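This is model07.csv (CSV, C-alpha atoms).
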```
chain,number,residue,atom,x,y,z
A,402,MET,CA,0.0,0.0,0.0
A,403,ILE,CA,1.9,3.0,-1.3
A,404,SER,CA,0.5,6.5,-1.8
A,405,ILE,CA,2.4,8.6,-4.3
A,406,GLY,CA,1.7,12.3,-3.9
A,407,ILE,CA,2.5,14.5,-6.9
A,408,ASP,CA,2.7,18.3,-6.6
A,409,VAL,CA,2.2,19.4,-10.2
A,410,SER,CA,3.6,22.6,-11.6
A,411,LYS,CA,4.3,23.9,-15.1
A,412,GLY,CA,6.7,21.6,-16.9
A,413,LYS,CA,7.7,19.6,-13.8
A,414,SER,CA,6.3,17.9,-10.7
A,415,THR,CA,7.6,17.0,-7.2
A,416,VAL,CA,6.9,13.4,-6.2
A,417,CYS,CA,6.8,11.7,-2.8
A,418,PHE,CA,6.4,7.9,-2.0
A,419,LEU,CA,4.6,7.4,1.3
A,420,LYS,CA,3.6,4.3,3.2
A,421,PRO,CA,1.2,4.0,6.2
A,422,GLY,CA,2.6,5.3,9.4
A,423,GLY,CA,4.3,8.2,7.6
A,424,GLU,CA,7.2,6.1,6.3
A,425,VAL,CA,8.8,8.0,3.4
A,426,LEU,CA,10.0,5.4,0.9
A,427,LYS,CA,11.7,8.0,-1.3
A,428,THR,CA,12.7,11.5,-0.5
A,429,PRO,CA,10.6,14.0,-2.6
A,430,PHE,CA,12.2,14.5,-6.0
A,431,GLU,CA,11.5,16.5,-9.1
A,432,VAL,CA,10.3,14.9,-12.4
A,433,PRO,CA,10.3,16.9,-15.7
A,434,HIS,CA,7.2,16.4,-17.9
A,435,THR,CA,9.0,14.5,-20.6
A,436,LYS,CA,8.2,11.1,-22.0
A,437,ASN,CA,11.4,9.5,-20.7
A,438,GLU,CA,11.3,10.9,-17.2
A,439,LEU,CA,7.6,10.1,-16.7
A,440,ASN,CA,8.2,6.5,-18.0
A,441,GLU,CA,11.0,6.2,-15.5
A,442,LEU,CA,8.6,7.3,-12.8
A,443,ALA,CA,6.0,4.7,-13.9
A,444,ASP,CA,8.8,2.0,-13.7
A,445,LYS,CA,9.6,3.0,-10.2
A,446,ILE,CA,6.0,2.8,-9.1
A,447,ILE,CA,5.5,-0.6,-10.7
A,448,SER,CA,8.9,-1.9,-9.3
A,449,TYR,CA,7.6,-1.9,-5.7
A,450,GLY,CA,5.1,-4.6,-6.5
A,451,GLU,CA,2.5,-3.3,-4.1
A,452,GLU,CA,-0.8,-1.6,-4.6
A,453,ALA,CA,0.0,2.0,-5.4
A,454,ARG,CA,-2.3,5.0,-6.0
A,455,VAL,CA,-1.1,8.3,-7.4
A,456,VAL,CA,-2.8,11.4,-6.0
A,457,LEU,CA,-2.5,14.9,-7.5
A,458,GLU,CA,-4.4,18.1,-7.6
A,459,ASN,CA,-6.7,19.1,-10.4
A,460,THR,CA,-4.7,21.9,-11.9
A,461,GLY,CA,-6.7,22.5,-15.1
A,462,TYR,CA,-4.2,21.5,-17.7
A,463,TYR,CA,-0.7,21.0,-16.2
A,464,HIS,CA,-1.5,17.6,-14.7
A,465,TRP,CA,-2.8,16.0,-17.8
A,466,GLN,CA,0.6,15.1,-19.2
A,467,VAL,CA,1.4,13.2,-15.9
A,468,VAL,CA,-2.0,11.6,-15.9
A,469,LYS,CA,-1.8,10.4,-19.5
A,470,ALA,CA,1.7,8.9,-19.1
A,471,LEU,CA,0.8,7.0,-15.9
A,472,VAL,CA,-2.7,5.8,-16.9
A,473,GLU,CA,-1.3,4.3,-20.1
A,474,ARG,CA,1.0,2.2,-17.9
A,475,GLY,CA,-2.1,0.9,-15.9
A,476,ILE,CA,-1.4,2.9,-12.8
A,477,PHE,CA,-4.2,4.1,-10.5
A,478,VAL,CA,-4.4,8.0,-10.7
A,479,THR,CA,-6.9,10.3,-9.0
A,480,ALA,CA,-7.2,14.1,-9.2
A,481,VAL,CA,-8.4,15.9,-6.1
A,482,ASN,CA,-10.3,19.2,-5.9
A,483,PRO,CA,-7.7,21.9,-4.9
A,484,LEU,CA,-10.1,23.3,-2.3
A,485,LYS,CA,-10.4,19.9,-0.6
A,486,MET,CA,-6.7,19.5,-0.6
A,487,LYS,CA,-6.1,23.0,0.8
A,488,LYS,CA,-8.4,22.3,3.7
A,489,PHE,CA,-6.7,19.1,4.4
A,490,CYS,CA,-3.2,20.8,4.4
A,491,SER,CA,-4.4,23.6,6.6
A,492,GLN,CA,-4.7,21.3,9.6
A,493,ASN,CA,-1.0,21.8,10.2
A,494,LEU,CA,-0.1,24.5,12.9
A,495,ARG,CA,3.0,25.8,11.1
A,496,LYS,CA,2.4,27.6,7.8
A,497,VAL,CA,5.2,26.0,5.9
A,498,LYS,CA,4.9,25.6,2.1
A,499,ASN,CA,7.1,24.4,-0.6
A,500,ASP,CA,6.9,21.8,-3.4
A,501,ARG,CA,8.5,19.0,-1.3
A,502,ILE,CA,6.2,19.6,1.7
A,503,ASP,CA,3.1,19.8,-0.6
A,504,ALA,CA,4.0,16.5,-2.2
A,505,ILE,CA,4.2,14.9,1.3
A,506,HIS,CA,0.8,16.4,2.2
A,507,ILE,CA,-0.8,15.1,-1.0
A,508,ALA,CA,0.6,11.6,-0.4
A,509,SER,CA,-0.8,11.8,3.2
A,510,PHE,CA,-4.2,12.7,1.8
A,511,GLY,CA,-4.0,9.6,-0.3
A,512,LEU,CA,-3.4,7.4,2.7
A,513,THR,CA,-6.1,9.1,4.8
A,514,TYR,CA,-8.8,8.8,2.1
A,515,TRP,CA,-7.5,5.6,0.5
A,516,GLN,CA,-10.9,3.9,0.4
A,517,GLU,CA,-12.6,7.0,-1.1
A,518,LEU,CA,-10.2,7.6,-4.0
A,519,THR,CA,-11.7,7.1,-7.4
A,520,PRO,CA,-9.6,6.6,-10.5
A,521,LEU,CA,-9.7,9.2,-13.3
A,522,GLN,CA,-11.9,8.0,-16.1
A,523,LYS,CA,-10.6,8.5,-19.6
A,524,SER,CA,-13.3,10.4,-21.6
A,525,SER,CA,-13.8,9.9,-25.3
A,526,ASP,CA,-11.9,12.1,-27.7
A,527,THR,CA,-15.2,13.8,-28.8
A,528,TYR,CA,-15.9,15.0,-25.3
A,529,ARG,CA,-12.4,16.3,-24.9
A,530,GLU,CA,-12.5,18.2,-28.2
A,531,LEU,CA,-15.9,19.7,-27.3
A,532,LEU,CA,-14.5,20.9,-24.0
A,533,LEU,CA,-11.5,22.4,-25.7
A,534,LEU,CA,-13.7,24.2,-28.2
A,535,SER,CA,-16.1,25.3,-25.5
A,536,ARG,CA,-13.3,27.0,-23.6
A,537,GLN,CA,-12.1,28.8,-26.8
A,538,TYR,CA,-15.7,29.8,-27.5
A,539,HIS,CA,-16.0,31.5,-24.1
A,540,ASN,CA,-12.7,33.2,-24.7
A,541,ALA,CA,-13.8,34.5,-28.1
A,542,VAL,CA,-17.1,35.7,-26.6
A,543,SER,CA,-15.3,37.5,-23.8
A,544,LEU,CA,-12.9,39.2,-26.2
A,545,LEU,CA,-15.9,40.1,-28.5
A,546,ILE,CA,-17.7,41.8,-25.7
A,547,LYS,CA,-14.7,43.9,-24.9
A,548,ALA,CA,-14.2,44.7,-28.6
A,549,LYS,CA,-17.8,45.8,-28.9
A,550,LEU,CA,-17.6,48.0,-25.8
A,551,ASN,CA,-14.4,49.6,-27.3
A,552,LEU,CA,-16.2,50.2,-30.6
A,553,GLY,CA,-19.2,51.7,-28.8
A,554,ASN,CA,-17.0,54.1,-26.9
A,555,LEU,CA,-15.4,55.3,-30.1
A,556,LEU,CA,-18.8,55.7,-31.8
A,557,ASP,CA,-20.0,57.9,-28.9
A,558,GLN,CA,-17.0,60.2,-29.6
A,559,ILE,CA,-17.4,60.5,-33.4
A,560,MET,CA,-21.2,59.8,-33.9
A,561,PRO,CA,-22.9,60.4,-30.6
A,562,GLY,CA,-26.4,58.7,-30.6
A,563,ILE,CA,-26.0,56.8,-33.8
A,564,LYS,CA,-26.5,53.5,-32.2
A,565,SER,CA,-30.1,54.5,-31.3
A,566,VAL,CA,-30.9,55.2,-35.0
A,567,ILE,CA,-28.9,52.7,-37.0
A,568,LYS,CA,-29.4,49.2,-35.7
A,569,ASP,CA,-28.2,45.9,-37.0
A,570,GLU,CA,-30.8,43.9,-39.0
A,571,LYS,CA,-31.1,40.1,-38.8
A,572,LYS,CA,-27.8,38.6,-40.1
A,573,SER,CA,-26.7,42.1,-41.4
A,574,PRO,CA,-24.3,44.3,-39.5
A,575,LYS,CA,-25.8,47.6,-40.7
A,576,LEU,CA,-24.2,49.8,-38.1
A,577,ALA,CA,-20.7,48.6,-39.0
A,578,ALA,CA,-21.4,49.1,-42.7
A,579,PHE,CA,-22.8,52.7,-42.1
A,580,VAL,CA,-19.7,53.7,-40.0
A,581,THR,CA,-17.4,52.3,-42.7
A,582,LYS,CA,-19.1,54.3,-45.4
A,583,TYR,CA,-19.7,57.6,-43.6
A,584,LYS,CA,-16.9,57.6,-41.0
A,585,HIS,CA,-17.7,60.8,-39.1
A,586,PHE,CA,-20.5,63.3,-38.4
A,587,GLU,CA,-18.3,66.1,-39.9
A,588,TYR,CA,-18.2,64.2,-43.2
A,589,ILE,CA,-22.0,63.8,-43.2
A,590,SER,CA,-22.5,67.5,-42.3
A,591,SER,CA,-20.2,68.6,-45.2
A,592,MET,CA,-22.5,66.7,-47.6
A,593,GLY,CA,-25.6,68.7,-46.7
A,594,GLU,CA,-29.0,67.2,-45.9
A,595,ALA,CA,-30.4,66.8,-49.4
A,596,ARG,CA,-27.3,65.1,-50.8
A,597,PHE,CA,-26.9,62.9,-47.7
A,598,VAL,CA,-30.6,61.7,-47.9
A,599,ARG,CA,-30.2,60.8,-51.5
A,600,ASP,CA,-26.9,59.0,-51.0
A,601,PHE,CA,-28.1,57.2,-47.9
A,602,CYS,CA,-31.4,56.0,-49.6
A,603,LYS,CA,-29.4,54.8,-52.6
A,604,TRP,CA,-26.9,52.9,-50.4
A,605,SER,CA,-29.5,51.5,-48.1
A,606,GLN,CA,-31.6,50.1,-51.0
A,607,LYS,CA,-28.5,48.6,-52.6
A,608,GLN,CA,-27.6,46.8,-49.3
A,609,GLY,CA,-31.2,45.5,-49.1
A,610,TYR,CA,-32.2,47.1,-45.8
A,611,ARG,CA,-36.0,47.1,-45.2
A,612,VAL,CA,-36.6,50.2,-43.1
A,613,ASP,CA,-38.0,53.6,-44.3
A,614,HIS,CA,-34.7,54.9,-45.8
A,615,GLU,CA,-35.7,58.5,-46.2
A,616,ARG,CA,-37.1,58.8,-42.6
A,617,GLN,CA,-34.0,57.1,-41.2
A,618,ALA,CA,-31.7,59.4,-43.2
A,619,LYS,CA,-33.4,62.5,-41.8
A,620,GLU,CA,-33.1,61.1,-38.3
A,621,VAL,CA,-29.4,60.6,-38.8
A,622,PHE,CA,-28.9,64.1,-40.1
A,623,ALA,CA,-30.8,65.5,-37.2
A,624,LEU,CA,-28.3,63.8,-34.9
A,625,VAL,CA,-25.5,65.3,-37.0
A,626,GLN,CA,-26.9,68.8,-36.5
A,627,ASN,CA,-27.3,68.4,-32.7
A,628,GLY,CA,-24.4,66.0,-31.9
A,629,ILE,CA,-21.0,67.1,-30.6
A,630,PRO,CA,-18.2,64.8,-31.9
A,631,VAL,CA,-15.2,64.7,-29.5
A,632,LEU,CA,-12.7,63.1,-31.9
A,633,PRO,CA,-11.8,65.1,-35.0
A,634,ASN,CA,-12.3,63.8,-38.5
A,635,THR,CA,-8.7,62.9,-39.1
A,636,PRO,CA,-6.8,59.9,-40.6
A,637,THR,CA,-5.9,58.8,-37.1
A,638,THR,CA,-9.5,58.6,-36.0
A,639,LYS,CA,-10.5,56.8,-39.2
A,640,ILE,CA,-7.7,54.2,-38.7
A,641,VAL,CA,-8.7,53.6,-35.1
A,642,VAL,CA,-12.4,53.2,-35.8
A,643,LEU,CA,-11.9,50.9,-38.9
A,644,GLU,CA,-9.5,48.8,-36.8
A,645,ALA,CA,-12.1,48.4,-34.1
A,646,LEU,CA,-14.7,47.4,-36.7
A,647,ARG,CA,-12.3,44.8,-38.1
A,648,ARG,CA,-11.6,43.4,-34.7
A,649,VAL,CA,-15.3,42.9,-34.0
A,650,HIS,CA,-15.8,41.3,-37.3
A,651,GLU,CA,-12.9,38.9,-36.9
A,652,LEU,CA,-14.0,37.8,-33.4
A,653,GLU,CA,-17.6,37.3,-34.6
A,654,ASN,CA,-16.2,35.0,-37.4
A,655,SER,CA,-14.0,33.1,-34.9
A,656,ARG,CA,-17.0,32.6,-32.6
A,657,ASP,CA,-19.2,31.3,-35.4
A,658,ILE,CA,-16.4,29.0,-36.7
A,659,ILE,CA,-15.9,27.4,-33.3
A,660,LEU,CA,-19.6,27.0,-32.7
A,661,ALA,CA,-20.1,25.4,-36.1
A,662,GLN,CA,-17.3,22.9,-35.4
A,663,MET,CA,-18.9,22.1,-32.0
A,664,ASN,CA,-22.1,21.3,-33.7
A,665,GLU,CA,-20.4,19.0,-36.2
A,666,LEU,CA,-18.7,17.1,-33.3
A,667,GLY,CA,-21.8,17.1,-31.2
A,668,LYS,CA,-23.9,15.5,-33.9
A,669,THR,CA,-21.7,12.3,-33.6
A,670,LEU,CA,-22.9,11.8,-30.0
A,671,PRO,CA,-26.3,10.0,-29.2
A,672,GLU,CA,-27.5,12.8,-26.8
A,673,TYR,CA,-27.2,15.6,-29.4
A,674,SER,CA,-30.5,15.0,-31.2
A,675,LEU,CA,-32.3,14.3,-27.9
A,676,ILE,CA,-31.2,17.6,-26.4
A,677,SER,CA,-31.7,19.7,-29.6
A,678,GLU,CA,-35.3,18.5,-29.8
A,679,MET,CA,-36.0,20.1,-26.4
A,680,LYS,CA,-37.9,23.4,-26.6
A,681,CYS,CA,-35.9,26.6,-26.6
A,682,ILE,CA,-32.6,24.8,-27.1
A,683,GLY,CA,-31.1,25.2,-30.6
A,684,GLU,CA,-27.7,24.8,-32.2
A,685,GLY,CA,-26.3,27.7,-30.2
A,686,LEU,CA,-26.8,25.9,-26.8
A,687,THR,CA,-26.9,22.2,-27.5
A,688,PRO,CA,-23.1,21.5,-28.1
A,689,ARG,CA,-22.1,23.9,-25.4
A,690,ILE,CA,-24.2,22.1,-22.8
A,691,ILE,CA,-22.8,18.7,-23.9
A,692,ALA,CA,-19.3,20.1,-23.8
A,693,GLU,CA,-19.5,21.3,-20.3
A,694,ILE,CA,-21.3,18.3,-18.8
A,695,GLY,CA,-19.3,15.7,-20.8
A,696,ASP,CA,-20.2,12.1,-20.4
A,697,VAL,CA,-23.2,12.2,-18.0
A,698,ARG,CA,-22.6,8.6,-16.9
A,699,ARG,CA,-19.6,9.8,-14.8
A,700,PHE,CA,-22.2,11.4,-12.3
A,701,HIS,CA,-23.7,8.9,-9.9
A,702,SER,CA,-26.9,10.9,-9.6
A,703,LYS,CA,-28.7,14.0,-10.8
A,704,HIS,CA,-27.8,15.7,-7.5
A,705,ALA,CA,-24.1,15.2,-8.3
A,706,LEU,CA,-24.6,16.9,-11.7
A,707,ILE,CA,-26.4,19.9,-10.0
A,708,ALA,CA,-23.5,20.1,-7.4
A,709,TYR,CA,-21.0,20.0,-10.3
A,710,ALA,CA,-22.7,23.1,-11.8
A,711,GLY,CA,-22.5,24.8,-8.4
A,712,ILE,CA,-26.2,25.6,-8.2
A,713,ASP,CA,-27.0,23.4,-5.2
A,714,ALA,CA,-27.9,24.9,-1.8
A,715,PRO,CA,-26.7,22.4,0.9
A,716,PRO,CA,-28.3,22.4,4.4
A,717,TYR,CA,-26.8,24.5,7.2
A,718,GLN,CA,-28.0,23.2,10.6
A,719,SER,CA,-26.6,23.3,14.1
A,720,GLY,CA,-28.5,22.4,17.3
A,721,SER,CA,-31.9,24.0,17.2
A,722,PHE,CA,-30.8,26.4,14.4
A,723,ASN,CA,-31.8,25.4,10.8
A,724,ALA,CA,-31.2,27.9,8.0
A,725,THR,CA,-34.1,28.0,5.6
A,726,GLU,CA,-32.8,30.5,3.1
A,727,ARG,CA,-29.6,29.3,1.5
A,728,HIS,CA,-27.6,30.6,-1.4
A,729,ILE,CA,-26.2,28.4,-4.2
A,730,THR,CA,-22.6,27.3,-3.6
A,731,LYS,CA,-21.1,28.5,-6.9
A,732,ARG,CA,-18.5,25.8,-6.3
A,733,GLY,CA,-18.4,24.0,-9.6
A,734,ASN,CA,-18.1,24.5,-13.3
A,735,LYS,CA,-18.7,28.2,-13.9
A,736,TYR,CA,-18.9,27.7,-17.6
A,737,LEU,CA,-21.7,25.2,-17.2
A,738,ARG,CA,-23.5,27.5,-14.8
A,739,LYS,CA,-23.3,30.3,-17.5
A,740,VAL,CA,-24.7,28.0,-20.2
A,741,ILE,CA,-27.6,26.8,-18.2
A,742,PHE,CA,-28.3,30.3,-17.2
A,743,GLU,CA,-28.7,31.1,-20.9
A,744,VAL,CA,-31.0,28.1,-21.2
A,745,SER,CA,-33.2,29.4,-18.4
A,746,MET,CA,-33.3,32.8,-20.0
A,747,SER,CA,-34.3,31.2,-23.3
A,748,TYR,CA,-37.3,29.5,-21.6
A,749,ILE,CA,-38.4,32.8,-20.0
A,750,GLN,CA,-38.2,34.7,-23.3
A,751,HIS,CA,-40.0,32.2,-25.5
A,752,LYS,CA,-42.5,31.0,-22.9
A,753,PRO,CA,-43.2,27.5,-24.4
A,754,GLU,CA,-46.7,26.3,-23.4
A,755,GLY,CA,-46.9,22.9,-21.7
A,756,ASP,CA,-43.1,22.7,-21.2
A,757,PRO,CA,-42.2,21.3,-17.7
A,758,ILE,CA,-39.2,23.6,-17.3
A,759,PHE,CA,-41.1,26.8,-18.1
A,760,GLU,CA,-44.1,25.7,-16.0
A,761,PHE,CA,-41.7,25.0,-13.1
A,762,ILE,CA,-40.2,28.5,-13.4
A,763,GLU,CA,-43.7,30.0,-13.5
A,764,LYS,CA,-44.7,27.9,-10.4
A,765,LYS,CA,-41.8,29.3,-8.4
A,766,ARG,CA,-42.8,32.8,-9.5
A,767,SER,CA,-46.4,32.3,-8.4
A,768,GLU,CA,-45.0,31.1,-5.0
A,769,GLY,CA,-43.5,34.5,-4.5
A,770,LYS,CA,-39.9,33.7,-5.6
A,771,CYS,CA,-38.0,36.6,-7.2
A,772,GLY,CA,-36.8,36.4,-10.8
A,773,LYS,CA,-33.3,35.2,-9.9
A,774,GLU,CA,-34.6,32.5,-7.6
A,775,SER,CA,-37.1,31.2,-10.1
A,776,MET,CA,-34.3,31.2,-12.8
A,777,VAL,CA,-32.1,29.1,-10.6
A,778,ALA,CA,-35.0,26.7,-10.0
A,779,GLY,CA,-35.4,26.4,-13.7
A,780,MET,CA,-31.7,25.6,-14.1
A,781,ASN,CA,-32.0,22.9,-11.5
A,782,LYS,CA,-35.1,21.5,-13.3
A,783,PHE,CA,-33.3,21.5,-16.6
A,784,LEU,CA,-30.3,19.5,-15.2
A,785,ARG,CA,-32.6,16.9,-13.6
A,786,ILE,CA,-34.4,16.4,-16.9
A,787,TYR,CA,-31.2,16.3,-18.8
A,788,TYR,CA,-29.7,13.7,-16.5
A,789,GLY,CA,-32.8,11.6,-16.7
A,790,LYS,CA,-33.2,11.7,-20.5
A,791,VAL,CA,-29.5,11.1,-21.3
A,792,THR,CA,-28.9,8.3,-18.8
A,793,GLU,CA,-32.1,6.5,-20.0
A,794,LEU,CA,-30.9,7.0,-23.6
A,795,TYR,CA,-27.5,5.3,-22.8
A,796,ARG,CA,-29.3,2.5,-20.9
A,797,ASN,CA,-31.5,1.8,-23.9
A,798,LEU,CA,-28.4,1.8,-26.2
A,799,ASP,CA,-26.5,-0.5,-23.8
A,800,LEU,CA,-23.5,1.8,-23.9
```

Step by step, read the file and then write its structure as structure tokens.
Amino acid sequence: MISIGIDVSKGKSTVCFLKPGGEVLKTPFEVPHTKNELNELADKIISYGEEARVVLENTGYYHWQVVKALVERGIFVTAVNPLKMKKFCSQNLRKVKNDRIDAIHIASFGLTYWQELTPLQKSSDTYRELLLLSRQYHNAVSLLIKAKLNLGNLLDQIMPGIKSVIKDEKKSPKLAAFVTKYKHFEYISSMGEARFVRDFCKWSQKQGYRVDHERQAKEVFALVQNGIPVLPNTPTTKIVVLEALRRVHELENSRDIILAQMNELGKTLPEYSLISEMKCIGEGLTPRIIAEIGDVRRFHSKHALIAYAGIDAPPYQSGSFNATERHITKRGNKYLRKVIFEVSMSYIQHKPEGDPIFEFIEKKRSEGKCGKESMVAGMNKFLRIYYGKVTELYRNLDL
């Protein structure tokens, strides 16, 4: 019975071999994350000829090289939540911390919770690719939001109020096209109202926009007359604005490409069609939900899935005190929490009649719950239904 504690860092790890009673078989040593070094580590573990379990913290990405190298050699490897490990290590009175001591603590954790350790399950390549794409999707969306805010700030300085008059039409970035053509309020003012109205109507008709062109042109010119641009109509301003527009366009394309690939991968999984057929969930949400949940069979119950999303409210009781109003833990996958929040918003916006999720949200509202509480209740309901549908699907397929 040997517990191997590995303190993982970028490019290297510190390893400690520990037996019951605190017997250190091998003084903590460093192992670079290379194929030869990790194979030598695996050989050392196997050479003892005893039951050995490798314990490490879930670092996000750094630990996967170690996990892959050891699991391929048939070694038991488990990853522990860093918060749980931190609380275990905080039992020591002296606040001493370095990689060697951390490796010993991690190995001690393995001995203490030996019977509770569960091996890491190797997920399919499809789930791993979906998760990778999901993270890139969230990154692209985050950058896109910042780029749009930057563009909005620039427009407020060269065309104040224009966003309230020129709005994007469905699948048509009208505002960006308008700014690219007319550039600045001073340029529009120099054209004069009659010429601008004619030019705008001609351009708008050519682009295929469906609004009242003449009315909208007059509204824009009224803004020009009353607006006060802060930035001058110079080549520098033009370059900055066009670059901001280009950045937004590129990020929108990146987001759409990633989502399209996620849908292509998702369609190879049995649960894709099942989830996409649910009301208010389309191609924009289905692959992202599957990517963040992964293989639902790794959760022992629907409650485990809800806890993984961090929207559970565990009891808090001591003696005669029993808290009745509890907040969600938010200790879980924040990306999954964000996606199912969008799901709940979709149900509230579309109001599908006869749908159990929407009816549950409305029921909570009728009981006096505020909007946020009813949305969280809808998120819980969705995950319970998701777990039930997908697990039943896999049982029927005998997978």

Problem - For atom CA of A:Met402 and atom CA of A:His434, the interatomic separation in Å (one decimal) - result: 25.3 Å

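If all atoms listed in the file are the atoms counted, then among A:Ser509, A:Thr792, A:Ser655, A:Thr687 the closest residue to A:Glu743 is A:Thr687.
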
Problem - Nearest to A:Ile691 by atom-to-atom distance, counting only C-alpha atoms, from A:Glu530, A:Glu653, A:Glu594, A:Asp713 - result: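 Ranked by minimum distance to A:Ile691, first place goes to A:Glu530.
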
Per residue of stretch 502-577 of chain A within 8 Å of stretch 405-409 of chain A, which atom pair is closest and at what distance in Å (one decimal), using all atoms listed in the file, listed by chain and increasing number, as a Markdown table?
```
| residue | atom | partner | partner_atom | distance |
| --- | --- | --- | --- | --- |
| A:Asp503 | CA | A:Asp408 | CA | 6.2 |
| A:Ala504 | CA | A:Asp408 | CA | 4.9 |
| A:Ile505 | CA | A:Gly406 | CA | 6.3 |
| A:His506 | CA | A:Gly406 | CA | 7.4 |
| A:Ile507 | CA | A:Gly406 | CA | 4.7 |
| A:Ala508 | CA | A:Gly406 | CA | 3.7 |
| A:Ser509 | CA | A:Gly406 | CA | 7.5 |
| A:Gly511 | CA | A:Gly406 | CA | 7.3 |
```

Problem - Pick from A:Val612, A:Leu484, A:Leu652, A:Ile707, whichever lies nearest to A:Asn540 using only C-alpha atoms - result: A:Leu652

Problem - For atom CA of A:Met780 and atom CA of A:Ile741, the interatomic separation in Å (one decimal) - result: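 Between atom CA of A:Met780 and atom CA of A:Ile741 the gap works out to 5.9 Å.
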
Exercise for the section: Please indicate the distance in Å from atom CA of A:Gly789 to atom CA of A:Glu672, rounded to one decimal place. Expected result: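 Value for the atom CA of A:Gly789-atom CA of A:Glu672 distance: 11.5 Å.
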
Can you tell me, as a PDB file with C-alpha atoms, in the coordinates of the input, which residues sit within 12 Å of (-16.2, 34.2, -35.2) in the file's frame, using all atoms listed in the file?
```pdb
ATOM      1  CA  GLN A 537     -12.100  28.800 -26.800  1.00  0.00           C
ATOM      2  CA  TYR A 538     -15.700  29.800 -27.500  1.00  0.00           C
ATOM      3  CA  HIS A 539     -16.000  31.500 -24.100  1.00  0.00           C
ATOM      4  CA  ASN A 540     -12.700  33.200 -24.700  1.00  0.00           C
ATOM      5  CA  ALA A 541     -13.800  34.500 -28.100  1.00  0.00           C
ATOM      6  CA  VAL A 542     -17.100  35.700 -26.600  1.00  0.00           C
ATOM      7  CA  SER A 543     -15.300  37.500 -23.800  1.00  0.00           C
ATOM      8  CA  LEU A 544     -12.900  39.200 -26.200  1.00  0.00           C
ATOM      9  CA  LEU A 545     -15.900  40.100 -28.500  1.00  0.00           C
ATOM     10  CA  ARG A 647     -12.300  44.800 -38.100  1.00  0.00           C
ATOM     11  CA  ARG A 648     -11.600  43.400 -34.700  1.00  0.00           C
ATOM     12  CA  VAL A 649     -15.300  42.900 -34.000  1.00  0.00           C
ATOM     13  CA  HIS A 650     -15.800  41.300 -37.300  1.00  0.00           C
ATOM     14  CA  GLU A 651     -12.900  38.900 -36.900  1.00  0.00           C
ATOM     15  CA  LEU A 652     -14.000  37.800 -33.400  1.00  0.00           C
ATOM     16  CA  GLU A 653     -17.600  37.300 -34.600  1.00  0.00           C
ATOM     17  CA  ASN A 654     -16.200  35.000 -37.400  1.00  0.00           C
ATOM     18  CA  SER A 655     -14.000  33.100 -34.900  1.00  0.00           C
ATOM     19  CA  ARG A 656     -17.000  32.600 -32.600  1.00  0.00           C
ATOM     20  CA  ASP A 657     -19.200  31.300 -35.400  1.00  0.00           C
ATOM     21  CA  ILE A 658     -16.400  29.000 -36.700  1.00  0.00           C
ATOM     22  CA  ILE A 659     -15.900  27.400 -33.300  1.00  0.00           C
ATOM     23  CA  LEU A 660     -19.600  27.000 -32.700  1.00  0.00           C
ATOM     24  CA  ALA A 661     -20.100  25.400 -36.100  1.00  0.00           C
ATOM     25  CA  GLN A 662     -17.300  22.900 -35.400  1.00  0.00           C
TER      26      GLN A 662
END
```

Problem - Distance query A:Tyr449 at most 12 Å, all atoms listed in the file, self and fewer than 2 positions along chain excluded, as a PyMOL selection string - result: chain A and resi 402-405+418+420+426-427+442-447+451-453
